[in-house]
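Read the structure below first, then the notes.
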Amino acid sequence: MDEVSSLTVRLLGGSPARHGEGEIALGPAQRQAVFATLALRAGQFVSRKEIIDAVWGERPPDSATGIVYTYVSALRRALEPAGEPLVASRAGYSLDLPKQQVDVHVFEAELERARAHRLAGSHERELESLRSALGQWRGSALDGIPGPFAETQRARLNELRMSALERQAEVALRLGGYRELVGELAVLVERHPLREGLHRMLITALFRSGRQAEALAAFDRARETIIEQSGLEPGPELLALRQRVLDDDPALHQQDRPARHRQAHAVPERPSTFVGREFELRRVRRHLAALLDEGRGGTIWLDGEAGGGKSAFLAEALADARSRTRWVEADELTGAVPLSLIADSLGGEALEDLGKTVTELCEDGPWVLVFEDLHWADEESLLAWQRLHRFTAHLPLLLIGSARPLPRLRTLEVLRSRLDGDVISLPPFDGPAVAALAEETLARDPGEDFLGFAAGYSAGNVGYLCELFAEFADGREPDVTPHSRLAAVVEDHLAALSLLCKRTLNSAALLGSSFTVADLTGVTGRELRALIGAVEEALAARVLETEGERLRFRVPLVREVFAANTPPAIRAVLHQEIAATMAGSGAPADRVAEQLLQVGDELTARWIPQWLLDNVRALPTGPAAELLHLLSHQRNLTEDQHRSLAGELAALLLPETGATPSWSAQPWCAPLHTLARVRNRTVPRTS
C-alpha cells in the first residue's frame, strides 16, 4: 500500500488517474467508466452485475461479463506503477484506495464539514471548507465517461457544485467580502444566467460597495437575460430587490450577522391570496387552540403532492402563532448530514440532549415546530422527530411534519404508518376551488372554457394552476404544450424520481392517454421485471395511476412535459414504431390511430397507407378523416394508394345520404362526388 499512496484519482476534471506527477493512461472510454465506478465506491467491492449496469445500463451486450473481465485486467496492468490497488474477489472488484485520494470523496467530505460549521455558527470555517471543496474541481465531472451511472453521478455532482458555489458567495457576502465578491459573481451569472439567487447576490454586492447605478444596471441585464432565455419575468424576490436598491434601503446596507446556530428558517408570511381548504384549516386550528389556550400538545402529519400548496396552507393555518413557531425545510442536501434538521430547528445543543433542549424551550411557553419535506430527511433526523412526537404527550408542543407521496425511506414509512397523531391530506382543487382561485388572482374573467382547461390540464394542482393563471394574465393563450417556466416547475417537483423512472416516463408519455405495462415493454425494449420498479415508483409518487388494467398519467400537464423531453423528429419516428408494434400485436384500430395522429405531417412509414385502408371503417369518423387527409398529401404514395385514400376521404366528407355541405356544389368537388359514389357502393361505414 506504500506505492498505492501515490495514486490519486481525479473525476472532477483532469486525467482520471495519476501516479506521482505522471498521468496513467486508462484506455478507451468504457474502460474508464469501469474505473470511475470503482473509484466512486473506493474501498468497497462492486459486483460484476453492478459494473455492467453502470457501463451499459439495461441493454448490455451478451459478452458483457467477458468484456468487464478484459477491462479489469487491462486496468490492473495500467495501474501497476502504483502497486496493486485493484483487488478481485468472489464479491466482485474493489479499488483499494483511501477515499482522501479520490477528489470526489474529498469534495463531499469538505461539503459535510462546511455544513457542520454552518450548524455550529462558524461561518469563517464554513467558507474555508467550501473553498476547499470547490478547489477539487479542475474541469467537468466525469468528463467523457459514458454509461448511465456516470450520467447520474455527473448530474448529481454538478448540482452539488452549483449549490456550493451559491452558498460560498452567500457566506462571503454575509461576512463582508462584497467588494472582492463582485468579480466572481459577475462570472457566475454569465455562466448560469437563469439562477436568480446569483443575480440577487451580485446586485447586493454592488449596492453594498457603493455602486448603486451599477447594481441597477445589473438588474436590467438580469431581467433582459431571464426574459430572453425563459420568456418570463424574474421572480418577485429579484423584482423587490430592485425597488430596495432604488429606495436606498438602509437594511440592505447592513451585513448579515449570523447567530451561533442557524436556527429555523423565517416563518413564511400569511399568503396574500388563499382559497379553499376550510375543512383542513379547521382541523389544524383546533390543535393550535388546544396548544395556545390549554397548553396541550399534539402532532400533525400533512400529506400532499408537490405543488399542492402545503407551505401556503401551513402559513395560513399558523398565521396567529408566527411568533411561537419554528420552521425548517429538508432538501436533497440536508440528508447528507445526520441530524441536520434537528439542529436547524432547535440548535446544535439538541444533538447532545434532545429531551433537555425541547423541555427548556417549552418552559418559555407553547411552541409549534414545523418540519417540511420530510421525504428528504436523513434517518437519524426522522428517528429524532419520532422522539419529539412522544414529547408532545406532556409538553406544550405542536409538532407538524409534511411530505410528498414519494417512494420514501423505510424509517419514514414506518413513522407515518404508526403515527397516532392527526393525518391531514390536501386533495387537488375541484372545479369551485379552481374558479375561486381564478377570481382572487386574475384581474379579468377567464371564462368557463379556460377554467375547464386549467382544471383538467393541471388535475387541480394548486402550483400548476397558479402558473397557468400567471401565463393567462401575461396574455398567453391556453396550450397543451407547456411553456418553459411551467415545465421547469414540473421538473423541479419530479426531481426526486430516479433516473430510470424518469426515462420510463419519457417513453410512457408517447403511448397516448392510457397504456398497459406490455405497451411499455414494447416501446422501451426492456423486460417486464426491469420495468416493475420504475412503474411502482411512479405509482407511489402519484405520477401514474391505474385505470382498470391500464395505466395513465394522473396529471395531463406532467405527461406533456415528459413527452416534450423527446425531440420532435425522434418523437415522430417513435410514434410510428409504437403504432407498428401495436398494429402487429392486434391492438384496437383507434389506439393505433391515436399514435399516428401524434406524428402529424411526418407519416412516412410505408406500412401506414395499407393499414389505414384496411382499418378505416373501424375508426371513428374524425380520426379516420384526419389520417386520410394527412396521408393523401404524402409524396411516397403509389398512384393506386393515392386514389384509394382520396376515395375513402371523399366517402367520409361527401356521403350520399344525409345533409350535404353547401360548398359541395362547387365545380371543384365533382371528382370527390365521383369517388364518393364509387366508395359508397361498398359496405356502409358505421361510426
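Order determines the names: the first chain of the C-alpha cells is A, the second B, and so forth; residues in each chain are numbered 1 upward, and ligands are numbered 1 upward as they are shown.
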Taking the DSSP secondary structure from the backbone, can you list the residues of range 59-169 of chain A that are alpha helix (DSSP H), as a VMD selection string?
chain A and resid 64 to 78 103 to 119 123 to 134 148 to 169
Skipping near chain neighbours, those fewer than 3 positions away, what residues fall within 10 Å of Gly235 in chain A using only C-alpha atoms, listed as a PDB file with N, CA, C and O atoms, in the first residue's frame?
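So the final result, stored in result-v7.pdb, reads:
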```
ATOM      1  N   GLU A 196     -31.461  32.926 -10.329  1.00  0.00           N
ATOM      2  CA  GLU A 196     -31.765  34.268  -9.840  1.00  0.00           C
ATOM      3  C   GLU A 196     -31.056  34.573  -8.532  1.00  0.00           C
ATOM      4  O   GLU A 196     -30.793  35.736  -8.222  1.00  0.00           O
ATOM      5  N   ARG A 223     -32.759  40.955 -15.826  1.00  0.00           N
ATOM      6  CA  ARG A 223     -34.149  40.875 -16.300  1.00  0.00           C
ATOM      7  C   ARG A 223     -34.195  40.587 -17.801  1.00  0.00           C
ATOM      8  O   ARG A 223     -34.961  39.735 -18.270  1.00  0.00           O
ATOM      9  N   ILE A 226     -33.116  36.917 -18.450  1.00  0.00           N
ATOM     10  CA  ILE A 226     -34.118  35.939 -17.994  1.00  0.00           C
ATOM     11  C   ILE A 226     -35.315  35.927 -18.933  1.00  0.00           C
ATOM     12  O   ILE A 226     -35.827  34.866 -19.303  1.00  0.00           O
ATOM     13  N   LEU A 232     -40.080  34.720 -19.484  1.00  0.00           N
ATOM     14  CA  LEU A 232     -40.854  35.146 -18.321  1.00  0.00           C
ATOM     15  C   LEU A 232     -40.119  36.227 -17.544  1.00  0.00           C
ATOM     16  O   LEU A 232     -38.891  36.357 -17.626  1.00  0.00           O
ATOM     17  N   LEU A 238     -36.349  39.032  -6.856  1.00  0.00           N
ATOM     18  CA  LEU A 238     -35.428  39.859  -7.638  1.00  0.00           C
ATOM     19  C   LEU A 238     -36.065  41.209  -7.966  1.00  0.00           C
ATOM     20  O   LEU A 238     -35.410  42.253  -7.911  1.00  0.00           O
ATOM     21  N   LEU A 239     -37.353  41.202  -8.288  1.00  0.00           N
ATOM     22  CA  LEU A 239     -38.048  42.460  -8.578  1.00  0.00           C
ATOM     23  C   LEU A 239     -38.097  43.356  -7.339  1.00  0.00           C
ATOM     24  O   LEU A 239     -37.910  44.578  -7.429  1.00  0.00           O
ATOM     25  N   ALA A 240     -38.322  42.742  -6.170  1.00  0.00           N
ATOM     26  CA  ALA A 240     -38.367  43.519  -4.931  1.00  0.00           C
ATOM     27  C   ALA A 240     -36.999  44.102  -4.597  1.00  0.00           C
ATOM     28  O   ALA A 240     -36.893  45.220  -4.062  1.00  0.00           O
TER      29      ALA A 240
END
```
Would you list the contacts of range 583-600 of chain A as a count of residues only, taking every protein, DNA or RNA residue within 7 Å and counting only C-alpha atoms, but skipping same-chain residues closer than 4 positions in sequence?
9
Can you tell me, as an MDAnalysis selection string, what residues are no more than 9 Å from Arg125 in chain A when counting only C-alpha atoms, ignoring any on the same chain fewer than 5 positions away?
chainID A and resid 113:114 117:118 130
Counting only C-alpha atoms, which of A:Gly135, A:Gln30, A:Ile342, A:Val358 gets nearest to Leu382 in chain A?
A:Ile342
So that I can check the surroundings of Leu388 in chain A, please list as a list in words every protein, DNA and RNA residue that reaches within 9 Å of it, counting only C-alpha atoms and ignoring chain neighbours fewer than 6 positions away.
Leu354, Gly355, Val358, Leu397 and Leu399 of chain A
Excluding range 304-308 of chain A and its own-chain neighbours fewer than 4 positions away, which residues fall within 12 Å of it when counting only C-alpha atoms? Please give them as a PyMOL selection string.
chain A and resi 277+312-314+372-375+401-406+423-429+458-467+486+489-496+540-543+554-555+558
Can you list, as a PyMOL selection string, all residues belonging to range 157-379 of chain A that DSSP tags as strand (DSSP E or B)?
chain A and resi 265+298-303+325-329+367-372
What would the file look like if the residues just selected were written as a compact mmCIF listing (two decimals), in the first residue's frame with all heavy atoms?
```
# COMPACT_ATOMS: atom_id res chain seq x y z
N HIS A 265 -35.70 28.47 9.79
CA HIS A 265 -35.94 29.47 8.76
C HIS A 265 -37.01 30.45 9.25
O HIS A 265 -37.78 30.16 10.16
CB HIS A 265 -36.46 28.80 7.48
CG HIS A 265 -35.52 27.78 6.93
ND1 HIS A 265 -35.89 26.90 5.94
CD2 HIS A 265 -34.23 27.48 7.22
CE1 HIS A 265 -34.88 26.11 5.65
NE2 HIS A 265 -33.87 26.44 6.41
N GLY A 298 -49.58 18.16 20.57
CA GLY A 298 -50.14 17.25 19.59
C GLY A 298 -49.22 17.14 18.38
O GLY A 298 -48.20 17.84 18.28
N THR A 299 -49.58 16.26 17.46
CA THR A 299 -48.79 16.03 16.25
C THR A 299 -49.71 16.01 15.04
O THR A 299 -50.78 15.40 15.08
CB THR A 299 -48.02 14.70 16.34
OG1 THR A 299 -47.14 14.74 17.46
CG2 THR A 299 -47.20 14.47 15.08
N ILE A 300 -49.26 16.67 13.99
CA ILE A 300 -50.00 16.68 12.71
C ILE A 300 -49.06 16.21 11.62
O ILE A 300 -47.90 16.65 11.53
CB ILE A 300 -50.51 18.10 12.37
CG1 ILE A 300 -51.51 18.58 13.42
CG2 ILE A 300 -51.13 18.14 10.99
CD1 ILE A 300 -51.91 20.03 13.24
N TRP A 301 -49.56 15.31 10.80
CA TRP A 301 -48.83 14.87 9.61
C TRP A 301 -49.60 15.34 8.40
O TRP A 301 -50.76 15.02 8.23
CB TRP A 301 -48.68 13.36 9.59
CG TRP A 301 -47.83 12.88 8.46
CD1 TRP A 301 -48.22 12.67 7.17
CD2 TRP A 301 -46.43 12.60 8.50
NE1 TRP A 301 -47.17 12.27 6.40
CE2 TRP A 301 -46.05 12.21 7.18
CE3 TRP A 301 -45.47 12.63 9.50
CZ2 TRP A 301 -44.75 11.85 6.87
CZ3 TRP A 301 -44.17 12.28 9.18
CH2 TRP A 301 -43.82 11.89 7.88
N LEU A 302 -48.93 16.13 7.53
CA LEU A 302 -49.58 16.72 6.37
C LEU A 302 -49.10 16.03 5.11
O LEU A 302 -47.91 16.04 4.79
CB LEU A 302 -49.28 18.21 6.31
CG LEU A 302 -50.02 19.03 5.25
CD1 LEU A 302 -51.52 19.04 5.54
CD2 LEU A 302 -49.49 20.46 5.21
N ASP A 303 -50.02 15.40 4.40
CA ASP A 303 -49.72 14.76 3.12
C ASP A 303 -50.18 15.65 1.98
O ASP A 303 -51.24 16.27 2.06
CB ASP A 303 -50.46 13.43 3.01
CG ASP A 303 -49.65 12.26 3.56
OD1 ASP A 303 -48.41 12.35 3.57
OD2 ASP A 303 -50.26 11.27 4.00
N THR A 325 -43.52 29.92 16.49
CA THR A 325 -43.30 28.85 15.51
C THR A 325 -41.86 28.83 15.03
O THR A 325 -41.28 29.89 14.75
CB THR A 325 -44.25 29.02 14.29
OG1 THR A 325 -45.60 28.97 14.74
CG2 THR A 325 -44.03 27.94 13.26
N ARG A 326 -41.31 27.64 14.93
CA ARG A 326 -40.02 27.43 14.28
C ARG A 326 -40.25 26.53 13.07
O ARG A 326 -40.93 25.53 13.16
CB ARG A 326 -39.01 26.78 15.23
CG ARG A 326 -38.61 27.69 16.39
CD ARG A 326 -37.45 27.12 17.17
NE ARG A 326 -37.02 28.01 18.23
CZ ARG A 326 -35.92 27.83 18.95
NH1 ARG A 326 -35.16 26.77 18.73
NH2 ARG A 326 -35.59 28.69 19.90
N TRP A 327 -39.63 26.90 11.97
CA TRP A 327 -39.97 26.29 10.68
C TRP A 327 -38.69 25.89 9.95
O TRP A 327 -37.82 26.72 9.70
CB TRP A 327 -40.72 27.33 9.85
CG TRP A 327 -41.39 26.86 8.61
CD1 TRP A 327 -40.82 26.25 7.53
CD2 TRP A 327 -42.79 27.00 8.30
NE1 TRP A 327 -41.77 26.00 6.58
CE2 TRP A 327 -42.98 26.45 7.01
CE3 TRP A 327 -43.88 27.55 8.97
CZ2 TRP A 327 -44.22 26.44 6.38
CZ3 TRP A 327 -45.11 27.53 8.34
CH2 TRP A 327 -45.28 26.98 7.07
N VAL A 328 -38.53 24.61 9.65
CA VAL A 328 -37.38 24.16 8.86
C VAL A 328 -37.86 23.32 7.69
O VAL A 328 -38.96 22.76 7.72
CB VAL A 328 -36.37 23.33 9.70
CG1 VAL A 328 -35.71 24.18 10.74
CG2 VAL A 328 -37.05 22.12 10.32
N GLU A 329 -37.04 23.25 6.67
CA GLU A 329 -37.41 22.55 5.44
C GLU A 329 -36.25 21.67 5.00
O GLU A 329 -35.11 22.14 4.88
CB GLU A 329 -37.74 23.56 4.34
CG GLU A 329 -38.15 22.94 3.02
CD GLU A 329 -38.46 23.99 1.98
OE1 GLU A 329 -38.61 25.18 2.35
OE2 GLU A 329 -38.54 23.63 0.79
N TRP A 367 -44.95 25.98 21.91
CA TRP A 367 -44.23 26.17 20.65
C TRP A 367 -44.79 25.25 19.57
O TRP A 367 -45.28 24.15 19.84
CB TRP A 367 -42.73 25.86 20.83
CG TRP A 367 -41.98 27.01 21.41
CD1 TRP A 367 -41.70 27.24 22.73
CD2 TRP A 367 -41.43 28.12 20.68
NE1 TRP A 367 -41.02 28.42 22.88
CE2 TRP A 367 -40.82 28.98 21.64
CE3 TRP A 367 -41.37 28.47 19.35
CZ2 TRP A 367 -40.18 30.16 21.28
CZ3 TRP A 367 -40.73 29.65 18.98
CH2 TRP A 367 -40.15 30.48 19.95
N VAL A 368 -44.68 25.73 18.34
CA VAL A 368 -45.00 24.93 17.15
C VAL A 368 -43.70 24.68 16.39
O VAL A 368 -42.98 25.63 16.08
CB VAL A 368 -46.01 25.66 16.23
CG1 VAL A 368 -46.33 24.77 15.02
CG2 VAL A 368 -47.27 26.03 16.98
N LEU A 369 -43.39 23.42 16.12
CA LEU A 369 -42.22 23.06 15.32
C LEU A 369 -42.70 22.46 14.00
O LEU A 369 -43.40 21.45 13.99
CB LEU A 369 -41.34 22.04 16.06
CG LEU A 369 -40.77 22.46 17.41
CD1 LEU A 369 -39.86 21.36 17.94
CD2 LEU A 369 -40.00 23.78 17.31
N VAL A 370 -42.34 23.12 12.90
CA VAL A 370 -42.75 22.66 11.57
C VAL A 370 -41.53 22.08 10.85
O VAL A 370 -40.48 22.73 10.77
CB VAL A 370 -43.34 23.82 10.74
CG1 VAL A 370 -43.70 23.34 9.33
CG2 VAL A 370 -44.57 24.39 11.43
N PHE A 371 -41.69 20.87 10.33
CA PHE A 371 -40.64 20.20 9.55
C PHE A 371 -41.24 19.86 8.18
O PHE A 371 -42.05 18.94 8.06
CB PHE A 371 -40.17 18.92 10.23
CG PHE A 371 -39.42 19.14 11.51
CD1 PHE A 371 -40.10 19.40 12.70
CD2 PHE A 371 -38.03 19.08 11.54
CE1 PHE A 371 -39.43 19.59 13.88
CE2 PHE A 371 -37.34 19.28 12.73
CZ PHE A 371 -38.03 19.55 13.90
N GLU A 372 -40.84 20.62 7.16
CA GLU A 372 -41.38 20.39 5.82
C GLU A 372 -40.52 19.42 5.02
O GLU A 372 -39.31 19.32 5.22
CB GLU A 372 -41.47 21.72 5.05
CG GLU A 372 -42.68 22.56 5.41
CD GLU A 372 -43.07 23.44 4.24
OE1 GLU A 372 -42.41 24.47 4.03
OE2 GLU A 372 -44.03 23.09 3.54
```
Give me the residues near Arg48 in chain A as a ChimeraX atom specification, where near means some atom within 9 Å (using only C-alpha atoms) and where sequence neighbours in that chain fewer than 6 positions away do not count.
/A:65,68-69,91-93
Writer output for current selection, N, CA and C atoms, as an mmCIF file, in the first residue's frame:
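The result, stored in selection-v3.cif:
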```
data_model
loop_
_atom_site.group_PDB
_atom_site.id
_atom_site.type_symbol
_atom_site.label_atom_id
_atom_site.label_comp_id
_atom_site.auth_asym_id
_atom_site.auth_seq_id
_atom_site.Cartn_x
_atom_site.Cartn_y
_atom_site.Cartn_z
ATOM 1 N N THR A 65 -19.972 -9.751 -19.454
ATOM 2 C CA THR A 65 -19.158 -10.291 -18.355
ATOM 3 C C THR A 65 -17.715 -10.462 -18.802
ATOM 4 N N VAL A 68 -16.008 -7.023 -19.139
ATOM 5 C CA VAL A 68 -15.614 -6.472 -17.837
ATOM 6 C C VAL A 68 -14.326 -7.127 -17.363
ATOM 7 N N TYR A 69 -14.235 -8.449 -17.509
ATOM 8 C CA TYR A 69 -13.011 -9.156 -17.096
ATOM 9 C C TYR A 69 -11.807 -8.610 -17.863
ATOM 10 N N ALA A 91 -16.871 -11.529 -4.525
ATOM 11 C CA ALA A 91 -17.888 -10.476 -4.413
ATOM 12 C C ALA A 91 -17.813 -9.474 -5.550
ATOM 13 N N GLY A 92 -16.702 -9.465 -6.299
ATOM 14 C CA GLY A 92 -16.549 -8.506 -7.381
ATOM 15 C C GLY A 92 -15.164 -7.888 -7.372
ATOM 16 N N TYR A 93 -15.093 -6.591 -7.624
ATOM 17 C CA TYR A 93 -13.822 -5.880 -7.696
ATOM 18 C C TYR A 93 -13.861 -4.665 -6.783
#
```
